[in-house]
>>> print(open('model.txt').read())   # compact mmCIF, C-alpha atoms
# COMPACT_ATOMS: atom_id res chain seq x y z
CA MET P 382 230.70 -34.64 25.62
CA SER P 383 232.81 -31.91 23.98
CA GLU P 384 234.12 -32.06 20.43
CA LYS P 385 237.66 -32.58 21.68
CA GLN P 386 236.58 -35.53 23.83
CA VAL P 387 234.79 -37.13 20.88
CA ILE P 388 237.91 -36.84 18.72
CA ASN P 389 240.23 -38.13 21.46
CA GLU P 390 237.90 -41.04 22.24
CA LYS P 391 237.80 -42.19 18.63
CA ILE P 392 241.54 -41.83 18.23
CA GLU P 393 242.20 -43.77 21.44
CA ALA P 394 239.81 -46.51 20.31
CA ALA P 395 241.54 -46.70 16.93
CA THR P 396 244.96 -46.76 18.64
CA GLY P 397 243.89 -49.65 20.86
CA ARG P 398 242.50 -51.49 17.87
CA ARG P 399 245.74 -50.97 15.95
CA LYS P 400 247.68 -52.44 18.89
CA ILE P 401 245.42 -55.50 18.95
CA GLN P 402 245.82 -55.94 15.21
CA ALA P 403 249.62 -55.57 15.47
CA GLY P 404 249.67 -58.19 18.25
CA TRP P 405 247.48 -60.50 16.15
CA ARG P 406 249.82 -60.28 13.15
CA SER P 407 252.94 -60.65 15.30
CA MET P 408 251.46 -63.71 17.01
CA TRP P 409 250.93 -65.45 13.68
CA LEU P 410 254.41 -64.48 12.55
CA GLY P 411 255.83 -65.95 15.76
CA LEU P 412 253.83 -69.15 15.21
CA TRP P 413 255.17 -69.42 11.66
CA ILE P 414 258.76 -69.04 12.92
CA GLY P 415 258.13 -71.63 15.61
CA VAL P 416 256.66 -74.13 13.14
CA CYS P 417 259.64 -73.58 10.80
CA LEU P 418 261.93 -74.37 13.73
CA TRP P 419 259.95 -77.54 14.47
CA LEU P 420 260.17 -78.67 10.85
CA VAL P 421 263.93 -78.12 10.66
CA THR P 422 264.41 -79.96 13.96
CA LEU P 423 262.28 -82.92 12.86
CA VAL P 424 264.13 -83.22 9.54
CA THR P 425 267.44 -83.08 11.39
CA TYR P 426 266.26 -85.70 13.88
CA LYS P 427 265.15 -88.02 11.09
CA LEU P 428 268.48 -87.73 9.26
CA MET P 429 270.98 -87.29 12.10
CA PRO P 430 271.33 -88.89 15.54
CA ILE P 431 270.42 -85.95 17.77
CA SER P 432 269.03 -86.52 21.25
CA THR P 433 265.32 -86.50 22.01
CA ALA P 434 266.01 -83.92 24.72
CA THR P 435 267.16 -81.51 22.02
CA VAL P 436 263.94 -82.10 20.10
CA PHE P 437 261.86 -81.55 23.24
CA TRP P 438 263.49 -78.24 24.16
CA THR P 439 263.27 -77.06 20.57
CA VAL P 440 259.52 -77.73 20.60
CA MET P 441 259.22 -75.82 23.88
CA ALA P 442 261.19 -72.91 22.41
CA GLY P 443 258.93 -72.89 19.35
CA LEU P 444 255.87 -72.56 21.56
CA THR P 445 257.22 -69.34 23.05
CA PHE P 446 257.49 -67.51 19.71
CA PRO P 447 253.72 -66.81 19.32
CA VAL P 448 253.56 -65.48 22.89
CA ILE P 449 256.60 -63.27 22.33
CA GLY P 450 255.13 -62.01 19.06
CA LEU P 451 251.80 -61.21 20.73
CA PHE P 452 253.38 -59.16 23.51
CA PHE P 453 255.72 -57.46 21.06
CA GLY P 454 252.79 -56.35 18.91
CA LEU P 455 250.71 -55.19 21.88
CA ALA P 456 253.65 -53.18 23.20
CA LYS P 457 253.89 -51.18 19.98
CA ARG P 458 253.15 -47.48 20.46
CA PHE P 459 251.15 -45.28 18.08
CA ALA P 460 251.31 -41.51 18.41
CA THR P 461 248.04 -39.58 18.47
CA ARG P 462 248.92 -37.56 15.36
CA ASP P 463 250.00 -40.69 13.53
CA THR P 464 246.69 -42.42 14.29
CA ALA P 465 244.76 -39.30 13.27
CA ARG P 466 246.57 -39.18 9.91
CA TRP P 467 245.97 -42.91 9.46
CA LEU P 468 242.24 -42.45 10.10
CA ASP P 469 242.15 -39.59 7.61
CA GLN P 470 243.68 -41.82 4.94
CA GLU P 471 241.50 -44.84 5.67
CA THR P 472 238.19 -42.96 5.90
CA GLY P 473 238.84 -40.27 3.30
CA LEU P 474 238.51 -37.36 5.74
CA LYS P 475 241.23 -35.39 3.92
CA GLU P 476 243.32 -34.50 7.01
CA ARG P 477 240.36 -33.18 8.98
CA LEU P 478 241.16 -35.23 12.07
CA SER P 479 244.91 -34.60 11.98
CA THR P 480 244.31 -30.86 11.53
CA ALA P 481 241.88 -30.83 14.47
CA VAL P 482 244.40 -32.65 16.66
CA GLU P 483 247.09 -30.13 15.79
CA LEU P 484 244.74 -27.22 16.50
CA THR P 485 243.82 -28.59 19.94
CA GLU P 486 247.53 -28.68 20.80
CA THR P 487 248.36 -25.13 19.62
CA GLU P 488 247.47 -21.62 20.66
CA ALA P 489 245.06 -21.31 17.76
CA LYS P 490 242.53 -23.52 19.49
CA GLY P 491 240.70 -20.48 20.93
CA SER P 492 239.95 -18.92 17.56
CA GLU P 493 236.61 -19.17 15.81
CA TRP P 494 238.12 -20.88 12.76
CA SER P 495 239.79 -23.60 14.87
CA ALA P 496 236.49 -24.17 16.71
CA LEU P 497 234.72 -24.75 13.39
CA VAL P 498 237.44 -27.16 12.23
CA ILE P 499 237.30 -29.10 15.49
CA ARG P 500 233.50 -29.25 15.40
CA ASP P 501 233.55 -30.54 11.84
CA ALA P 502 236.20 -33.14 12.71
CA ALA P 503 234.23 -34.28 15.77
CA LYS P 504 231.11 -34.75 13.64
CA ALA P 505 233.09 -36.87 11.17
CA ALA P 506 234.87 -38.81 13.95
CA ASP P 507 231.57 -39.69 15.60
CA GLU P 508 230.70 -41.87 12.59
CA ILE P 509 233.98 -43.83 12.67
CA GLU P 510 233.75 -47.45 13.90
CA PRO P 511 237.26 -48.69 14.73
CA ASN P 512 236.16 -52.33 15.11
CA ARG P 513 234.74 -52.38 11.60
CA LEU P 514 237.63 -50.37 10.21
CA LEU P 515 240.21 -52.73 11.78
CA PRO P 516 238.75 -56.27 11.73
CA LEU P 517 240.75 -59.27 12.88
CA ARG P 518 241.28 -61.53 9.89
CA LEU P 519 243.48 -64.56 9.41
CA PRO P 520 246.67 -63.42 7.66
CA ALA P 521 247.94 -65.00 4.45
CA LEU P 522 250.78 -66.47 6.52
CA CYS P 523 248.19 -68.72 8.17
CA ASN P 524 248.01 -70.93 5.06
CA TRP P 525 251.77 -71.51 5.04
CA THR P 526 251.74 -72.21 8.77
CA LEU P 527 249.03 -74.84 8.27
CA LEU P 528 251.04 -76.51 5.48
CA LEU P 529 254.14 -76.63 7.68
CA LEU P 530 252.14 -78.12 10.54
CA ILE P 531 250.85 -80.84 8.20
CA ALA P 532 254.44 -81.51 7.08
CA CYS P 533 255.56 -81.81 10.73
CA PHE P 534 252.70 -84.22 11.44
CA ALA P 535 253.59 -86.34 8.40
CA LEU P 536 257.26 -86.43 9.41
CA GLY P 537 256.25 -87.97 12.72
CA PHE P 538 255.43 -91.21 10.86
CA VAL P 539 258.69 -91.30 8.88
CA PRO P 540 261.24 -93.74 10.38
CA GLU P 541 264.58 -92.36 11.50
CA HIS P 542 267.52 -92.90 9.17
CA ARG P 543 270.56 -94.21 11.05
CA SER P 544 273.80 -95.54 9.57
CA LYS P 545 274.95 -99.15 10.21
CA ALA P 546 277.98 -97.88 12.14
CA TYR P 547 275.76 -95.82 14.43
CA LEU P 548 273.38 -98.76 15.02
CA ASP P 549 276.33 -101.04 15.83
CA GLN P 550 277.70 -98.45 18.22
CA GLN P 551 274.33 -98.14 19.96
CA ARG P 552 274.05 -101.93 20.20
CA ASP P 553 277.54 -102.23 21.68
CA HIS P 554 276.79 -99.46 24.12
CA ALA P 555 273.62 -101.24 25.26
CA ILE P 556 275.51 -104.52 25.70
CA ILE P 557 278.29 -102.85 27.69
CA GLU P 558 275.75 -101.07 29.87
CA ASP P 559 273.88 -104.33 30.46
CA VAL P 560 277.07 -106.20 31.36
CA GLY P 561 278.10 -103.43 33.73
CA THR P 562 274.72 -103.55 35.45
CA ASN P 563 274.93 -107.35 35.83
CA LEU P 564 278.46 -107.14 37.24
CA GLU P 565 277.36 -104.53 39.73
CA ASN P 566 274.43 -106.65 40.86
CA LEU P 567 276.66 -109.75 41.12
CA THR P 568 279.22 -107.89 43.21
CA LYS P 569 276.55 -106.61 45.57
CA TRP P 570 275.16 -110.14 45.94
CA GLN P 571 278.61 -111.62 46.68
CA VAL P 572 279.32 -108.96 49.28
CA LYS P 573 275.96 -109.61 50.90
CA GLU P 574 276.30 -113.41 50.94
CA ASN P 575 280.03 -113.59 51.86
CA LYS P 576 280.61 -110.93 54.40
CA PRO P 577 284.34 -110.25 54.89
CA GLN P 578 285.82 -111.64 58.13
CA PHE P 579 288.24 -109.38 59.95
CA ASP P 580 290.11 -110.41 63.07
CA PRO P 581 289.50 -108.12 65.96
CA THR P 582 292.06 -105.38 66.11
CA GLU P 583 292.95 -106.31 69.68
CA GLU P 584 293.94 -109.90 68.70
CA VAL P 585 295.99 -108.72 65.75
CA LEU P 586 297.94 -106.39 68.02
>>> encode(input="model.txt", output="structure tokens")
Amino acid sequence: MSEKQVINEKIEAATGRRKIQAGWRSMWLGLWIGVCLWLVTLVTYKLMPISTATVFWTVMAGLTFPVIGLFFGLAKRFATRDTARWLDQETGLKERLSTAVELTETEAKGSEWSALVIRDAAKAADEIEPNRLLPLRLPALCNWTLLLLIACFALGFVPEHRSKAYLDQQRDHAIIEDVGTNLENLTKWQVKENKPQFDPTEEVL
């Protein structure tokens, strides 16, 4: 494997790892936003008479935020030079990788000096371990997300607050609906038991 291939392989591995890490962070951010939405919806439902359908669709919408965040982070692009400079800063290579990348893209790559720089950068890049350099850790936002989830769980046991006027209105609505159902059933029964008698059209004429 040539020096250029070694450098490119390490940079591509670091780029892929940076994408995974960006997706990981964005996923947790999306989960935090979704949990905040759940908490606001639950508080609103406990204090105001909103429909259960609204709560259901809000919960469904909150579940999509982590997925959206994950794909958004994975879709992020990192330029080769940008990753090379980032590796230089994180590993203390003092711009050796970024200089080697620039030399491989310019006309100076055939000179003896550029060959020495690229060889030195390849030797340093061979010791880089992107997985260890970019580990997946739980972000600090995870603690807040857990607290909000506990708050949502606790709110599930809190009874809904409804005004007396609203309860009376709901009771009246249930009574009216019940009376309407009984009247409909009674009408159907009367029609079934007492079928209407019509004289034949011929006799009437």
>>> residues_around(input="model.txt", residues="P:Ala395", least_positions_apart="3", cutoff="9 Å", atoms="only C-alpha atoms", output="number ranges by chain")
P: 390-392, 398-400, 464-465, 468, 510-512, 514-515
>>> residues_around(input="model.txt", residues="stretch 477-484 of chain P", least_positions_apart="3", cutoff="9 Å", atoms="only C-alpha atoms", output="number ranges by chain")
P: 385, 388-389, 461-469, 474, 487-490, 495-496, 498-503, 505-506
>>> closest_residue(input="model.txt", among="P:Leu536, P:Leu410, P:Ala403, P:Val448", to="P:Thr425", atoms="only C-alpha atoms")
P:Leu536
>>> closest_residue(input="model.txt", among="P:Thr526, P:Gln402, P:Thr485, P:Thr433", to="P:Cys417", atoms="only C-alpha atoms")
P:Thr526
>>> atom_distance(input="model.txt", atom1="atom CA of P:Val440", atom2="atom CA of P:Leu528")
17.4 Å
>>> closest_residue(input="model.txt", among="P:Gln386, P:Ile401, P:Pro520, P:Leu529", to="P:Val416", atoms="all atoms listed in the file")
P:Leu529
>>> atom_distance(input="model.txt", atom1="atom CA of P:Gly415", atom2="atom CA of P:Val436")
12.8 Å
>>> closest_residue(input="model.txt", among="P:Ala394, P:Val421, P:Leu428, P:Leu564", to="P:His542", atoms="only C-alpha atoms")
P:Leu428
>>> atom_distance(input="model.txt", atom1="atom CA of P:Ile414", atom2="atom CA of P:Trp525")
10.8 Å
>>> closest_residue(input="model.txt", among="P:Ser383, P:Ser407, P:Thr568, P:Thr435", to="P:Lys457", atoms="all atoms listed in the file")
P:Ser407
>>> residues_around(input="model.txt", residues="P:Glu541", least_positions_apart="5", cutoff="12 Å", atoms="all atoms listed in the file", output="list of chain:residue names")
P:Leu423, P:Val424, P:Thr425, P:Tyr426, P:Lys427, P:Leu428, P:Met429, P:Pro430, P:Ile431, P:Leu536, P:Leu548
>>> closest_residue(input="model.txt", among="P:Met408, P:Ile509, P:Leu497, P:Leu418", to="P:Phe437", atoms="only C-alpha atoms")
P:Leu418
>>> build_atoms(input="model.txt", residues="stretch 500-523 of chain P", atoms="N, CA and C atoms", output="PDB file, in the coordinates of the input")
ATOM      1  N   ARG P 500     234.895 -28.785  15.397  1.00  0.00           N
ATOM      2  CA  ARG P 500     233.500 -29.250  15.400  1.00  0.00           C
ATOM      3  C   ARG P 500     233.227 -30.137  14.189  1.00  0.00           C
ATOM      4  N   ASP P 501     233.745 -29.739  13.048  1.00  0.00           N
ATOM      5  CA  ASP P 501     233.550 -30.540  11.840  1.00  0.00           C
ATOM      6  C   ASP P 501     234.252 -31.897  11.959  1.00  0.00           C
ATOM      7  N   ALA P 502     235.462 -31.892  12.540  1.00  0.00           N
ATOM      8  CA  ALA P 502     236.200 -33.140  12.710  1.00  0.00           C
ATOM      9  C   ALA P 502     235.495 -34.052  13.713  1.00  0.00           C
ATOM     10  N   ALA P 503     234.939 -33.472  14.771  1.00  0.00           N
ATOM     11  CA  ALA P 503     234.230 -34.280  15.770  1.00  0.00           C
ATOM     12  C   ALA P 503     232.998 -34.930  15.169  1.00  0.00           C
ATOM     13  N   LYS P 504     232.287 -34.195  14.297  1.00  0.00           N
ATOM     14  CA  LYS P 504     231.110 -34.750  13.640  1.00  0.00           C
ATOM     15  C   LYS P 504     231.493 -35.922  12.740  1.00  0.00           C
ATOM     16  N   ALA P 505     232.629 -35.786  12.044  1.00  0.00           N
ATOM     17  CA  ALA P 505     233.090 -36.870  11.170  1.00  0.00           C
ATOM     18  C   ALA P 505     233.618 -38.049  11.996  1.00  0.00           C
ATOM     19  N   ALA P 506     234.310 -37.744  13.111  1.00  0.00           N
ATOM     20  CA  ALA P 506     234.870 -38.810  13.950  1.00  0.00           C
ATOM     21  C   ALA P 506     233.786 -39.622  14.634  1.00  0.00           C
ATOM     22  N   ASP P 507     232.646 -38.996  14.904  1.00  0.00           N
ATOM     23  CA  ASP P 507     231.570 -39.690  15.600  1.00  0.00           C
ATOM     24  C   ASP P 507     231.010 -40.844  14.774  1.00  0.00           C
ATOM     25  N   GLU P 508     231.207 -40.810  13.468  1.00  0.00           N
ATOM     26  CA  GLU P 508     230.700 -41.870  12.590  1.00  0.00           C
ATOM     27  C   GLU P 508     231.717 -42.980  12.355  1.00  0.00           C
ATOM     28  N   ILE P 509     232.931 -42.824  12.873  1.00  0.00           N
ATOM     29  CA  ILE P 509     233.980 -43.830  12.670  1.00  0.00           C
ATOM     30  C   ILE P 509     233.746 -45.006  13.619  1.00  0.00           C
ATOM     31  N   GLU P 510     233.849 -46.225  13.098  1.00  0.00           N
ATOM     32  CA  GLU P 510     233.750 -47.450  13.900  1.00  0.00           C
ATOM     33  C   GLU P 510     235.073 -48.206  13.796  1.00  0.00           C
ATOM     34  N   PRO P 511     235.936 -48.045  14.797  1.00  0.00           N
ATOM     35  CA  PRO P 511     237.260 -48.690  14.730  1.00  0.00           C
ATOM     36  C   PRO P 511     237.213 -50.203  14.562  1.00  0.00           C
ATOM     37  N   ASN P 512     236.241 -50.876  15.216  1.00  0.00           N
ATOM     38  CA  ASN P 512     236.160 -52.330  15.110  1.00  0.00           C
ATOM     39  C   ASN P 512     235.868 -52.786  13.684  1.00  0.00           C
ATOM     40  N   ARG P 513     235.020 -52.039  12.984  1.00  0.00           N
ATOM     41  CA  ARG P 513     234.740 -52.380  11.600  1.00  0.00           C
ATOM     42  C   ARG P 513     235.869 -51.946  10.668  1.00  0.00           C
ATOM     43  N   LEU P 514     236.529 -50.866  11.024  1.00  0.00           N
ATOM     44  CA  LEU P 514     237.630 -50.370  10.210  1.00  0.00           C
ATOM     45  C   LEU P 514     238.873 -51.252  10.339  1.00  0.00           C
ATOM     46  N   LEU P 515     239.043 -51.882  11.517  1.00  0.00           N
ATOM     47  CA  LEU P 515     240.210 -52.730  11.780  1.00  0.00           C
ATOM     48  C   LEU P 515     239.748 -54.116  12.223  1.00  0.00           C
ATOM     49  N   PRO P 516     239.203 -54.922  11.336  1.00  0.00           N
ATOM     50  CA  PRO P 516     238.750 -56.270  11.730  1.00  0.00           C
ATOM     51  C   PRO P 516     239.929 -57.218  11.886  1.00  0.00           C
ATOM     52  N   LEU P 517     239.716 -58.249  12.699  1.00  0.00           N
ATOM     53  CA  LEU P 517     240.750 -59.270  12.880  1.00  0.00           C
ATOM     54  C   LEU P 517     240.504 -60.396  11.875  1.00  0.00           C
ATOM     55  N   ARG P 518     241.385 -60.487  10.904  1.00  0.00           N
ATOM     56  CA  ARG P 518     241.280 -61.530   9.890  1.00  0.00           C
ATOM     57  C   ARG P 518     242.508 -62.423   9.950  1.00  0.00           C
ATOM     58  N   LEU P 519     242.333 -63.647   9.474  1.00  0.00           N
ATOM     59  CA  LEU P 519     243.480 -64.560   9.410  1.00  0.00           C
ATOM     60  C   LEU P 519     244.440 -64.059   8.334  1.00  0.00           C
ATOM     61  N   PRO P 520     245.719 -63.902   8.663  1.00  0.00           N
ATOM     62  CA  PRO P 520     246.670 -63.420   7.660  1.00  0.00           C
ATOM     63  C   PRO P 520     246.973 -64.482   6.619  1.00  0.00           C
ATOM     64  N   ALA P 521     247.566 -64.049   5.512  1.00  0.00           N
ATOM     65  CA  ALA P 521     247.940 -65.000   4.450  1.00  0.00           C
ATOM     66  C   ALA P 521     248.980 -65.994   4.946  1.00  0.00           C
ATOM     67  N   LEU P 522     249.763 -65.586   5.955  1.00  0.00           N
ATOM     68  CA  LEU P 522     250.780 -66.470   6.520  1.00  0.00           C
ATOM     69  C   LEU P 522     250.169 -67.690   7.195  1.00  0.00           C
ATOM     70  N   CYS P 523     248.884 -67.605   7.520  1.00  0.00           N
ATOM     71  CA  CYS P 523     248.190 -68.720   8.170  1.00  0.00           C
ATOM     72  C   CYS P 523     248.182 -69.962   7.282  1.00  0.00           C
TER      73      CYS P 523
END
